[in-house]
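Engineer: Just one file: start_39.txt, with compact mmCIF, C-alpha atoms.
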```txt
# COMPACT_ATOMS: atom_id res chain seq x y z
CA MET A 146 135.85 189.73 0.17
CA LYS A 147 139.08 187.93 -0.64
CA ASP A 148 141.90 187.25 1.77
CA ASN A 149 145.08 185.27 1.76
CA LEU A 150 144.32 181.66 2.54
CA PRO A 151 147.09 180.21 4.71
CA LEU A 152 148.57 176.98 3.44
CA ALA A 153 147.19 173.82 5.00
CA PRO A 154 149.75 171.51 6.67
CA LEU A 155 149.45 169.03 3.80
CA GLN A 156 150.09 171.79 1.27
CA ARG A 157 153.17 172.86 3.24
CA LEU A 158 154.40 169.28 3.20
CA ALA A 159 153.89 169.05 -0.57
CA TRP A 160 155.70 172.35 -1.19
CA PHE A 161 158.53 171.26 1.11
CA ASN A 162 158.93 168.02 -0.86
CA LEU A 163 158.99 169.88 -4.18
CA ILE A 164 161.51 172.45 -2.89
CA VAL A 165 163.83 169.67 -1.64
CA PHE A 166 163.52 168.00 -5.04
CA ALA A 167 164.30 171.27 -6.83
CA ILE A 168 167.39 171.74 -4.63
CA ALA A 169 168.52 168.19 -5.45
CA VAL A 170 168.09 168.81 -9.19
CA ALA A 171 169.98 172.11 -8.94
CA LEU A 172 172.82 170.42 -7.02
CA TYR A 173 172.92 167.68 -9.62
CA LEU A 174 173.27 170.19 -12.43
CA ILE A 175 176.18 171.75 -10.53
CA ALA A 176 177.72 168.40 -9.55
CA VAL A 177 177.99 166.96 -13.06
CA PRO A 178 180.30 169.67 -14.48
CA PHE A 179 182.13 169.78 -11.14
CA PHE A 180 182.89 166.03 -11.27
CA GLU A 181 183.89 166.40 -14.89
CA TRP A 182 186.35 169.19 -14.01
CA ARG A 183 187.63 167.83 -10.68
CA PHE A 184 188.07 164.16 -11.64
CA HIS A 185 188.72 164.64 -15.37
CA MET A 186 185.69 162.58 -16.38
CA THR A 187 183.54 162.83 -19.46
CA LEU A 188 180.09 164.34 -18.89
CA THR A 189 178.47 160.95 -19.41
CA ARG A 190 180.72 159.32 -16.81
CA ALA A 191 180.26 162.18 -14.35
CA ALA A 192 176.47 161.87 -14.58
CA LEU A 193 176.30 158.65 -12.55
CA PRO A 194 178.33 159.50 -9.39
CA SER A 195 176.70 162.94 -9.38
CA LEU A 196 173.38 161.22 -8.68
CA GLY A 197 174.67 160.97 -5.11
CA VAL A 198 173.49 164.53 -4.50
CA PHE A 199 169.95 163.16 -4.56
CA GLY A 200 170.79 162.03 -1.03
CA VAL A 201 169.47 165.49 -0.15
CA CYS A 202 166.04 163.96 -0.72
CA GLY A 203 166.55 162.27 2.65
CA LEU A 204 165.22 165.56 4.05
CA TRP A 205 161.77 164.42 2.89
CA GLY A 206 161.57 162.40 6.09
CA LEU A 207 161.48 165.65 8.07
CA GLY A 208 158.48 166.90 6.11
CA ASN A 209 156.07 165.05 8.39
CA TYR A 210 156.83 167.73 10.97
CA PHE A 211 154.26 169.86 9.13
CA LEU A 212 151.52 167.35 9.95
CA TYR A 213 151.92 167.52 13.70
CA ASP A 214 149.98 169.87 15.89
CA ARG A 215 152.35 171.48 18.35
CA ARG A 216 149.55 172.18 20.79
CA ARG A 217 148.36 168.58 20.83
CA SER A 218 151.49 166.51 20.34
CA ALA A 219 151.15 163.27 18.38
CA LYS A 220 147.78 164.37 16.90
CA VAL A 221 147.84 164.65 13.14
CA LYS A 222 146.36 167.85 11.66
CA LEU A 223 144.39 166.34 8.80
CA ASP A 224 140.64 166.38 8.46
CA GLU A 225 138.56 163.89 6.46
CA ARG A 226 138.86 165.71 3.14
CA GLU A 227 142.60 166.09 3.49
CA THR A 228 142.93 162.41 4.31
CA LEU A 229 141.09 161.67 1.05
CA ILE A 230 143.38 164.05 -0.86
CA CYS A 231 146.38 162.29 0.66
CA GLN A 232 145.02 158.86 -0.29
CA ARG A 233 144.27 159.90 -3.87
CA ALA A 234 147.69 161.53 -4.25
CA GLY A 235 149.32 158.39 -2.88
CA THR A 236 147.47 156.24 -5.39
CA ILE A 237 148.54 158.49 -8.28
CA GLY A 238 152.11 158.37 -6.98
CA VAL A 239 152.14 154.58 -6.76
CA VAL A 240 150.72 154.25 -10.28
CA LEU A 241 153.40 156.48 -11.76
CA PHE A 242 156.08 154.85 -9.62
CA TRP A 243 155.21 151.48 -11.08
CA GLU A 244 155.06 152.81 -14.62
CA VAL A 245 158.49 154.42 -14.40
CA PHE A 246 160.08 151.76 -12.25
CA VAL A 247 158.93 148.82 -14.31
CA LEU A 248 159.52 150.59 -17.62
CA LEU A 249 163.04 151.58 -16.56
CA CYS A 250 163.92 148.19 -15.14
CA ILE A 251 162.61 146.34 -18.16
CA GLY A 252 164.08 148.96 -20.49
CA VAL A 253 167.57 148.84 -18.99
CA TRP A 254 167.50 145.07 -18.81
CA ALA A 255 166.33 144.72 -22.43
CA TYR A 256 168.93 147.21 -23.64
CA LEU A 257 171.75 145.46 -21.83
CA SER A 258 170.57 142.00 -22.83
CA TYR A 259 169.79 142.50 -26.49
CA VAL A 260 171.82 145.56 -27.56
CA ARG A 261 174.90 145.33 -25.38
CA HIS A 262 174.65 141.54 -25.03
CA GLN A 263 175.19 141.66 -21.30
CA ALA A 264 172.79 139.31 -19.60
CA THR A 265 172.64 141.19 -16.30
CA VAL A 266 171.88 144.67 -15.04
CA PRO A 267 174.93 146.14 -13.24
CA VAL A 268 174.43 146.05 -9.47
CA GLY A 269 175.39 149.73 -9.30
CA PHE A 270 172.23 150.59 -11.23
CA LEU A 271 169.88 149.10 -8.65
CA PRO A 272 170.12 151.76 -5.90
CA PHE A 273 169.67 154.47 -8.52
CA LEU A 274 166.61 152.75 -9.94
CA VAL A 275 165.06 152.33 -6.52
CA MET A 276 165.89 155.95 -5.62
CA LEU A 277 164.46 157.19 -8.91
CA GLY A 278 161.30 155.22 -8.26
CA PHE A 279 160.79 156.85 -4.89
CA VAL A 280 161.65 160.28 -6.25
CA VAL A 281 158.95 159.79 -8.89
CA TYR A 282 156.50 158.66 -6.20
CA MET A 283 157.17 161.57 -3.85
CA VAL A 284 157.19 164.27 -6.53
CA THR A 285 154.02 162.92 -8.15
CA GLN A 286 152.27 162.69 -4.79
CA SER A 287 153.25 166.26 -3.89
CA ILE A 288 152.05 167.65 -7.22
CA ALA A 289 148.81 165.67 -6.93
CA ILE A 290 148.19 167.11 -3.45
CA LEU A 291 148.70 170.69 -4.65
CA VAL A 292 146.52 170.19 -7.73
CA GLN A 293 143.68 168.71 -5.66
CA TYR A 294 143.80 171.60 -3.19
CA LYS A 295 143.73 174.08 -6.06
CA ARG A 296 140.82 172.35 -7.74
CA SER A 297 138.64 171.90 -4.69
CA ALA A 298 139.22 175.16 -2.83
CA SER A 299 139.40 177.83 -5.47
CA ASP A 300 136.68 179.99 -3.90
CA ASP A 301 138.11 181.72 -0.85
CA THR A 302 135.28 184.05 0.02
CA LEU A 303 135.15 184.88 3.73
CA MET B 553 131.29 160.17 -4.63
CA THR B 554 131.88 161.46 -8.16
CA PRO B 555 132.03 165.23 -8.93
CA SER B 556 128.61 165.09 -10.61
CA GLU B 557 127.13 163.40 -7.54
CA SER B 558 128.75 166.03 -5.31
CA ALA B 559 127.10 168.70 -7.44
CA GLN B 560 123.69 167.18 -6.59
CA LEU B 561 124.34 167.82 -2.92
CA LYS B 562 123.38 171.42 -2.18
CA ASN B 563 124.04 173.14 1.10
CA ARG B 564 123.18 176.36 2.90
CA ILE B 565 126.40 176.68 4.87
CA ARG B 566 127.23 180.15 3.57
CA ARG B 567 123.72 181.42 4.29
CA LEU B 568 123.74 179.86 7.76
CA ARG B 569 127.14 181.37 8.55
CA PHE B 570 125.87 184.83 7.78
CA ASP B 571 122.68 184.18 9.74
CA HIS B 572 124.85 183.28 12.73
CA GLY B 573 126.58 186.60 13.21
CA GLU B 574 128.62 186.48 10.01
CA MET B 575 130.64 183.58 11.29
CA THR B 576 133.90 183.27 9.37
CA GLN B 577 134.93 180.12 7.56
CA GLN B 578 137.85 179.75 9.97
CA GLU B 579 135.55 180.00 12.98
CA LEU B 580 133.25 177.37 11.57
CA ALA B 581 136.20 175.14 10.64
CA ASP B 582 137.56 175.37 14.20
CA ARG B 583 134.18 174.53 15.70
CA VAL B 584 133.62 171.42 13.58
CA GLY B 585 137.25 170.28 13.66
CA ALA B 586 137.97 170.70 9.96
CA ALA B 587 140.34 172.75 7.85
CA ARG B 588 139.19 176.08 6.42
CA GLN B 589 139.88 174.72 2.95
CA THR B 590 137.31 171.99 3.63
CA ILE B 591 134.64 174.57 4.48
CA ILE B 592 135.52 176.43 1.27
CA ALA B 593 135.22 173.22 -0.75
CA LEU B 594 131.89 172.42 0.93
CA GLU B 595 130.43 175.85 0.19
CA ALA B 596 131.58 175.59 -3.41
CA GLY B 597 129.83 172.22 -3.71
CA LYS B 598 133.10 170.52 -4.49
CA TYR B 599 133.13 168.17 -1.55
CA ALA B 600 130.51 165.89 -0.03
CA PRO B 601 131.16 165.55 3.71
CA SER B 602 130.93 162.46 5.86
CA LEU B 603 127.79 161.98 7.97
CA LEU B 604 129.78 162.89 11.05
CA LEU B 605 130.92 166.23 9.65
CA ALA B 606 127.40 166.94 8.37
CA PHE B 607 125.97 166.38 11.86
CA ARG B 608 128.67 168.54 13.42
CA LEU B 609 127.89 171.37 11.01
CA ALA B 610 124.18 171.11 11.75
CA ARG B 611 124.83 171.17 15.49
CA VAL B 612 126.96 174.32 15.24
CA PHE B 613 124.08 176.09 13.49
CA GLY B 614 121.49 174.55 15.79
CA VAL B 615 119.46 173.10 12.93
CA LYS B 616 118.70 169.64 11.49
CA THR B 617 121.12 168.08 9.02
CA GLU B 618 118.53 168.34 6.25
CA ASP B 619 118.34 172.09 6.86
CA VAL B 620 122.02 172.30 5.97
CA PHE B 621 122.23 169.75 3.15
CA GLN B 622 119.75 168.95 0.42
CA TRP B 623 120.22 166.15 -2.05
CA GLU B 624 118.83 166.96 -5.49
CA GLY B 625 119.51 163.61 -7.09
CA GLU B 626 116.95 161.14 -8.41
```
Could you show the structure in this file as structure tokens?

Structural biologist:
Amino acid sequence: MKDNLPLAPLQRLAWFNLIVFAIAVALYLIAVPFFEWRFHMTLTRAALPSLGVFGVCGLWGLGNYFLYDRRRSAKVKLDERETLICQRAGTIGVVLFWEVFVLLCIGVWAYLSYVRHQATVPVGFLPFLVMLGFVVYMVTQSIAILVQYKRSASDDTL
Amino acid sequence: MTPSESAQLKNRIRRLRFDHGEMTQQELADRVGAARQTIIALEAGKYAPSLLLAFRLARVFGVKTEDVFQWEGE
């Protein structure tokens, strides 16, 4: 007998993170042409200030609400397997974060140093690089959580 | 524990649930303090529990731990 398996708190958190990210991406795709039109910029120039809409990702901080049990305040609703899933997802997120972050930092620096012959990375790039790193971490972690749930709990027989 | 090692750990949780008044996965999960998804993963042989959870499961069914879990490794 099959029934609908309610989402676990950790799954809700992962979906929430991915939805916030999708909203940020959608806003970005709207913001770029808007900046181009409103401030008479080229698309390339409008791309950088439009990254500000990723501030919406600040909502990720509220996602931890899903992990709290309302009946027993301050107790986290994760059992041992879910803690393991969370740890594994975190590890995958950190690995990808480092890959992207280091590759981007080294890539931008090398491009500016050897192609553009500017010895330094513009300061304005740094917050975007850091933000991108964390976006990569959070999105990867959320996907890894959902994939692990799907792989380990595919049989929902009552 | 690797997936192949988890596969060597067999359990009779599903059988025991039905022997105990067709206990649902949710009921069992609530009684041992785990998520329903964890019980599903256990029954599917996709997760090897901690000793503590194994003992809790055995206590709910009123049997010994080895009556719930059997290791078929070398």

Engineer: Sorted by chain and rising residue number, list the residues of chain B at most 8 Å from chain A (counting all atoms listed in the file), each with its closest atom pair and distance in Å to one decimal, as a Markdown table.

Structural biologist:
```
| residue | atom | partner | partner_atom | distance |
| --- | --- | --- | --- | --- |
| B:Thr576 | CA | A:Leu303 | CA | 6.0 |
| B:Gln577 | CA | A:Leu303 | CA | 6.1 |
| B:Gly585 | CA | A:Asp224 | CA | 7.3 |
| B:Ala586 | CA | A:Asp224 | CA | 5.3 |
| B:Ala587 | CA | A:Asp224 | CA | 6.4 |
| B:Gln589 | CA | A:Ala298 | CA | 5.8 |
| B:Thr590 | CA | A:Arg226 | CA | 6.5 |
| B:Ile592 | CA | A:Ala298 | CA | 5.7 |
| B:Ala593 | CA | A:Ala298 | CA | 4.9 |
| B:Ala596 | CA | A:Asp300 | CA | 6.8 |
| B:Lys598 | CA | A:Ser297 | CA | 5.7 |
| B:Tyr599 | CA | A:Ser297 | CA | 7.4 |
| B:Pro601 | CA | A:Arg226 | CA | 7.7 |
| B:Ser602 | CA | A:Glu225 | CA | 7.8 |
```

Engineer: The selected residues should be written to file as a PDB file, keeping the file's coordinate frame (atoms: C-alpha atoms).

Structural biologist:
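Output file selection18.pdb follows:
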```
ATOM      1  CA  THR B 576     133.900 183.270   9.370  1.00  0.00           C
ATOM      2  CA  GLN B 577     134.930 180.120   7.560  1.00  0.00           C
ATOM      3  CA  GLY B 585     137.250 170.280  13.660  1.00  0.00           C
ATOM      4  CA  ALA B 586     137.970 170.700   9.960  1.00  0.00           C
ATOM      5  CA  ALA B 587     140.340 172.750   7.850  1.00  0.00           C
ATOM      6  CA  GLN B 589     139.880 174.720   2.950  1.00  0.00           C
ATOM      7  CA  THR B 590     137.310 171.990   3.630  1.00  0.00           C
ATOM      8  CA  ILE B 592     135.520 176.430   1.270  1.00  0.00           C
ATOM      9  CA  ALA B 593     135.220 173.220  -0.750  1.00  0.00           C
ATOM     10  CA  ALA B 596     131.580 175.590  -3.410  1.00  0.00           C
ATOM     11  CA  LYS B 598     133.100 170.520  -4.490  1.00  0.00           C
ATOM     12  CA  TYR B 599     133.130 168.170  -1.550  1.00  0.00           C
ATOM     13  CA  PRO B 601     131.160 165.550   3.710  1.00  0.00           C
ATOM     14  CA  SER B 602     130.930 162.460   5.860  1.00  0.00           C
TER      15      SER B 602
END
```

Engineer: Please provide the set of residues having any atom within 9 Å of segment 190-201 of chain A, restricted to all atoms listed in the file, with same-chain residues fewer than 6 positions apart removed, written as a list in words.

Structural biologist: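 Residues meeting the cut-off are Val165, Phe166, Ile168, Ala169, Val170, Leu172, Tyr173, Leu174, Ile175, Ala176, Val177, Pro178, Phe179, Phe180, Glu181, Phe184, Phe273, Met276 and Val280 of chain A.
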
Engineer: Near Phe621 of chain B, counting only C-alpha atoms, which residues have an atom at most 9 Å away, once you skip same-chain residues fewer than 2 positions from it, shown as a list in words?

Structural biologist: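 Contacts, in chain order: Leu561, Lys562, Asn563, Arg564, Ile565, Ala606, Ala610, Thr617, Glu618, Asp619 and Trp623 of chain B.
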
Engineer: What's the 12 Å shell around Val612 of chain B, counting only C-alpha atoms, without same-chain residues fewer than 3 positions away, as a PDB file with C-alpha atoms, in the coordinates of the input?

Structural biologist:
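The resulting file, around-v5.pdb, is shown below:
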```pdb
ATOM      1  CA  ILE B 565     126.400 176.680   4.870  1.00  0.00           C
ATOM      2  CA  LEU B 568     123.740 179.860   7.760  1.00  0.00           C
ATOM      3  CA  ARG B 569     127.140 181.370   8.550  1.00  0.00           C
ATOM      4  CA  HIS B 572     124.850 183.280  12.730  1.00  0.00           C
ATOM      5  CA  MET B 575     130.640 183.580  11.290  1.00  0.00           C
ATOM      6  CA  GLU B 579     135.550 180.000  12.980  1.00  0.00           C
ATOM      7  CA  LEU B 580     133.250 177.370  11.570  1.00  0.00           C
ATOM      8  CA  ALA B 581     136.200 175.140  10.640  1.00  0.00           C
ATOM      9  CA  ASP B 582     137.560 175.370  14.200  1.00  0.00           C
ATOM     10  CA  ARG B 583     134.180 174.530  15.700  1.00  0.00           C
ATOM     11  CA  VAL B 584     133.620 171.420  13.580  1.00  0.00           C
ATOM     12  CA  GLY B 585     137.250 170.280  13.660  1.00  0.00           C
ATOM     13  CA  LEU B 605     130.920 166.230   9.650  1.00  0.00           C
ATOM     14  CA  ALA B 606     127.400 166.940   8.370  1.00  0.00           C
ATOM     15  CA  PHE B 607     125.970 166.380  11.860  1.00  0.00           C
ATOM     16  CA  ARG B 608     128.670 168.540  13.420  1.00  0.00           C
ATOM     17  CA  LEU B 609     127.890 171.370  11.010  1.00  0.00           C
ATOM     18  CA  VAL B 615     119.460 173.100  12.930  1.00  0.00           C
ATOM     19  CA  LYS B 616     118.700 169.640  11.490  1.00  0.00           C
ATOM     20  CA  THR B 617     121.120 168.080   9.020  1.00  0.00           C
ATOM     21  CA  VAL B 620     122.020 172.300   5.970  1.00  0.00           C
TER      22      VAL B 620
END
```

Engineer: Which is closest to Gly573 of chain B among B:Leu594, B:Arg588, B:Leu604, B:Phe613, if we use only C-alpha atoms?

Structural biologist: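 Among the listed residues, B:Phe613 lies closest to Gly573 of chain B.
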
Engineer: May I ask for the distance between atom CA of Ala167 of chain A and atom CA of Trp254 of chain A, given in Å to one decimal place?

Structural biologist: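 So the two atoms, atom CA of Ala167 of chain A and atom CA of Trp254 of chain A, lie 29.0 Å apart.
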
Engineer: What's around Met283 of chain A at 10 Å? Count all atoms listed in the file, leave out sequence neighbours fewer than 5 positions away in its own chain, and write the answer as a compact mmCIF listing (two decimals) with C-alpha atoms, in the coordinates of the input.

Structural biologist:
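The resulting part_35.txt:
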```
# COMPACT_ATOMS: atom_id res chain seq x y z
CA ALA A 159 153.89 169.05 -0.57
CA ASN A 162 158.93 168.02 -0.86
CA LEU A 163 158.99 169.88 -4.18
CA PHE A 166 163.52 168.00 -5.04
CA CYS A 202 166.04 163.96 -0.72
CA TRP A 205 161.77 164.42 2.89
CA ALA A 234 147.69 161.53 -4.25
CA GLY A 235 149.32 158.39 -2.88
CA GLY A 238 152.11 158.37 -6.98
CA VAL A 239 152.14 154.58 -6.76
CA PHE A 242 156.08 154.85 -9.62
CA LEU A 277 164.46 157.19 -8.91
CA GLY A 278 161.30 155.22 -8.26
CA ILE A 288 152.05 167.65 -7.22
CA ALA A 289 148.81 165.67 -6.93
```

Engineer: Do you have the atom CA of Gly208 of chain A-atom CA of Gln578 of chain B distance handy?

Structural biologist: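 Interatomic distance here is 24.6 Å.
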
Engineer: Between atom CA of Trp243 of chain A and atom CA of Arg261 of chain A, measure the distance and give it in Å to one decimal.

Structural biologist: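 Pair atom CA of Trp243 of chain A / atom CA of Arg261 of chain A returns 25.1 Å.
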
Engineer: So that I can see what lies close to Leu158 of chain A, please list as a list in words the residues with an atom at most 6 Å from it, counting all atoms listed in the file and leaving out residues fewer than 3 positions away in the same chain.

Structural biologist: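 Within the cut-off, the hits are Leu155, Phe161, Gly208 and Phe211 of chain A.
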
Engineer: From the block I gave, I'd like chain B written with C-alpha atoms, as a PDB file, in the first residue's frame.

Structural biologist:
```pdb
ATOM      1  CA  MET B 553      29.468   1.777   6.805  1.00  0.00           C
ATOM      2  CA  THR B 554      29.556   1.317   3.029  1.00  0.00           C
ATOM      3  CA  PRO B 555      26.394   0.413   1.039  1.00  0.00           C
ATOM      4  CA  SER B 556      27.679  -3.144   0.502  1.00  0.00           C
ATOM      5  CA  GLU B 557      28.256  -3.532   4.240  1.00  0.00           C
ATOM      6  CA  SER B 558      24.766  -2.172   4.929  1.00  0.00           C
ATOM      7  CA  ALA B 559      23.389  -4.811   2.565  1.00  0.00           C
ATOM      8  CA  GLN B 560      24.959  -7.516   4.767  1.00  0.00           C
ATOM      9  CA  LEU B 561      22.871  -6.324   7.689  1.00  0.00           C
ATOM     10  CA  LYS B 562      19.455  -7.943   7.414  1.00  0.00           C
ATOM     11  CA  ASN B 563      16.531  -7.081   9.617  1.00  0.00           C
ATOM     12  CA  ARG B 564      13.029  -8.308  10.397  1.00  0.00           C
ATOM     13  CA  ILE B 565      11.507  -4.932  11.183  1.00  0.00           C
ATOM     14  CA  ARG B 566       8.717  -5.232   8.620  1.00  0.00           C
ATOM     15  CA  ARG B 567       7.811  -8.729   9.809  1.00  0.00           C
ATOM     16  CA  LEU B 568       7.896  -7.642  13.449  1.00  0.00           C
ATOM     17  CA  ARG B 569       5.715  -4.615  12.729  1.00  0.00           C
ATOM     18  CA  PHE B 570       3.043  -6.803  11.227  1.00  0.00           C
ATOM     19  CA  ASP B 571       3.360  -9.286  14.086  1.00  0.00           C
ATOM     20  CA  HIS B 572       2.703  -6.417  16.487  1.00  0.00           C
ATOM     21  CA  GLY B 573      -0.759  -5.469  15.333  1.00  0.00           C
ATOM     22  CA  GLU B 574       0.271  -4.142  11.936  1.00  0.00           C
ATOM     23  CA  MET B 575       2.123  -1.277  13.507  1.00  0.00           C
ATOM     24  CA  THR B 576       2.657   1.524  10.992  1.00  0.00           C
ATOM     25  CA  GLN B 577       6.070   2.896  10.133  1.00  0.00           C
ATOM     26  CA  GLN B 578       5.049   6.239  11.634  1.00  0.00           C
ATOM     27  CA  GLU B 579       4.003   4.591  14.892  1.00  0.00           C
ATOM     28  CA  LEU B 580       7.288   2.749  15.130  1.00  0.00           C
ATOM     29  CA  ALA B 581       9.233   5.896  14.232  1.00  0.00           C
ATOM     30  CA  ASP B 582       7.464   7.843  16.988  1.00  0.00           C
ATOM     31  CA  ARG B 583       8.159   5.132  19.545  1.00  0.00           C
ATOM     32  CA  VAL B 584      11.885   4.922  18.831  1.00  0.00           C
ATOM     33  CA  GLY B 585      12.355   8.665  18.290  1.00  0.00           C
ATOM     34  CA  ALA B 586      13.281   8.505  14.621  1.00  0.00           C
ATOM     35  CA  ALA B 587      11.866   9.852  11.379  1.00  0.00           C
ATOM     36  CA  ARG B 588       9.555   7.674   9.293  1.00  0.00           C
ATOM     37  CA  GLN B 589      12.021   7.966   6.430  1.00  0.00           C
ATOM     38  CA  THR B 590      14.627   6.316   8.659  1.00  0.00           C
ATOM     39  CA  ILE B 591      12.348   3.325   9.287  1.00  0.00           C
ATOM     40  CA  ILE B 592      11.753   3.078   5.527  1.00  0.00           C
ATOM     41  CA  ALA B 593      15.498   3.162   4.868  1.00  0.00           C
ATOM     42  CA  LEU B 594      16.083   0.521   7.562  1.00  0.00           C
ATOM     43  CA  GLU B 595      13.458  -1.830   6.141  1.00  0.00           C
ATOM     44  CA  ALA B 596      14.901  -1.394   2.671  1.00  0.00           C
ATOM     45  CA  GLY B 597      18.352  -2.313   3.999  1.00  0.00           C
ATOM     46  CA  LYS B 598      19.712   1.050   2.970  1.00  0.00           C
ATOM     47  CA  TYR B 599      20.721   2.219   6.405  1.00  0.00           C
ATOM     48  CA  ALA B 600      22.606   0.581   9.258  1.00  0.00           C
ATOM     49  CA  PRO B 601      21.382   2.026  12.566  1.00  0.00           C
ATOM     50  CA  SER B 602      23.417   2.967  15.599  1.00  0.00           C
ATOM     51  CA  LEU B 603      23.507   0.523  18.523  1.00  0.00           C
ATOM     52  CA  LEU B 604      21.205   2.810  20.455  1.00  0.00           C
ATOM     53  CA  LEU B 605      18.528   2.818  17.764  1.00  0.00           C
ATOM     54  CA  ALA B 606      18.894  -0.952  17.328  1.00  0.00           C
ATOM     55  CA  PHE B 607      18.282  -1.487  21.053  1.00  0.00           C
ATOM     56  CA  ARG B 608      15.309   0.879  21.001  1.00  0.00           C
ATOM     57  CA  LEU B 609      13.771  -1.026  18.097  1.00  0.00           C
ATOM     58  CA  ALA B 610      14.276  -4.338  19.855  1.00  0.00           C
ATOM     59  CA  ARG B 611      12.693  -2.988  23.036  1.00  0.00           C
ATOM     60  CA  VAL B 612       9.603  -1.766  21.171  1.00  0.00           C
ATOM     61  CA  PHE B 613       9.089  -5.278  19.792  1.00  0.00           C
ATOM     62  CA  GLY B 614       9.991  -6.919  23.087  1.00  0.00           C
ATOM     63  CA  VAL B 615      12.716  -9.064  21.545  1.00  0.00           C
ATOM     64  CA  LYS B 616      16.528  -9.249  21.615  1.00  0.00           C
ATOM     65  CA  THR B 617      18.538  -7.063  19.250  1.00  0.00           C
ATOM     66  CA  GLU B 618      19.752 -10.140  17.370  1.00  0.00           C
ATOM     67  CA  ASP B 619      16.131 -11.101  16.719  1.00  0.00           C
ATOM     68  CA  VAL B 620      15.731  -7.823  14.835  1.00  0.00           C
ATOM     69  CA  PHE B 621      19.099  -7.579  13.093  1.00  0.00           C
ATOM     70  CA  GLN B 622      21.251 -10.291  11.577  1.00  0.00           C
ATOM     71  CA  TRP B 623      24.674  -9.664  10.155  1.00  0.00           C
ATOM     72  CA  GLU B 624      25.459 -11.861   7.163  1.00  0.00           C
ATOM     73  CA  GLY B 625      29.030 -10.739   6.650  1.00  0.00           C
ATOM     74  CA  GLU B 626      32.171 -12.839   6.985  1.00  0.00           C
TER      75      GLU B 626
END
```
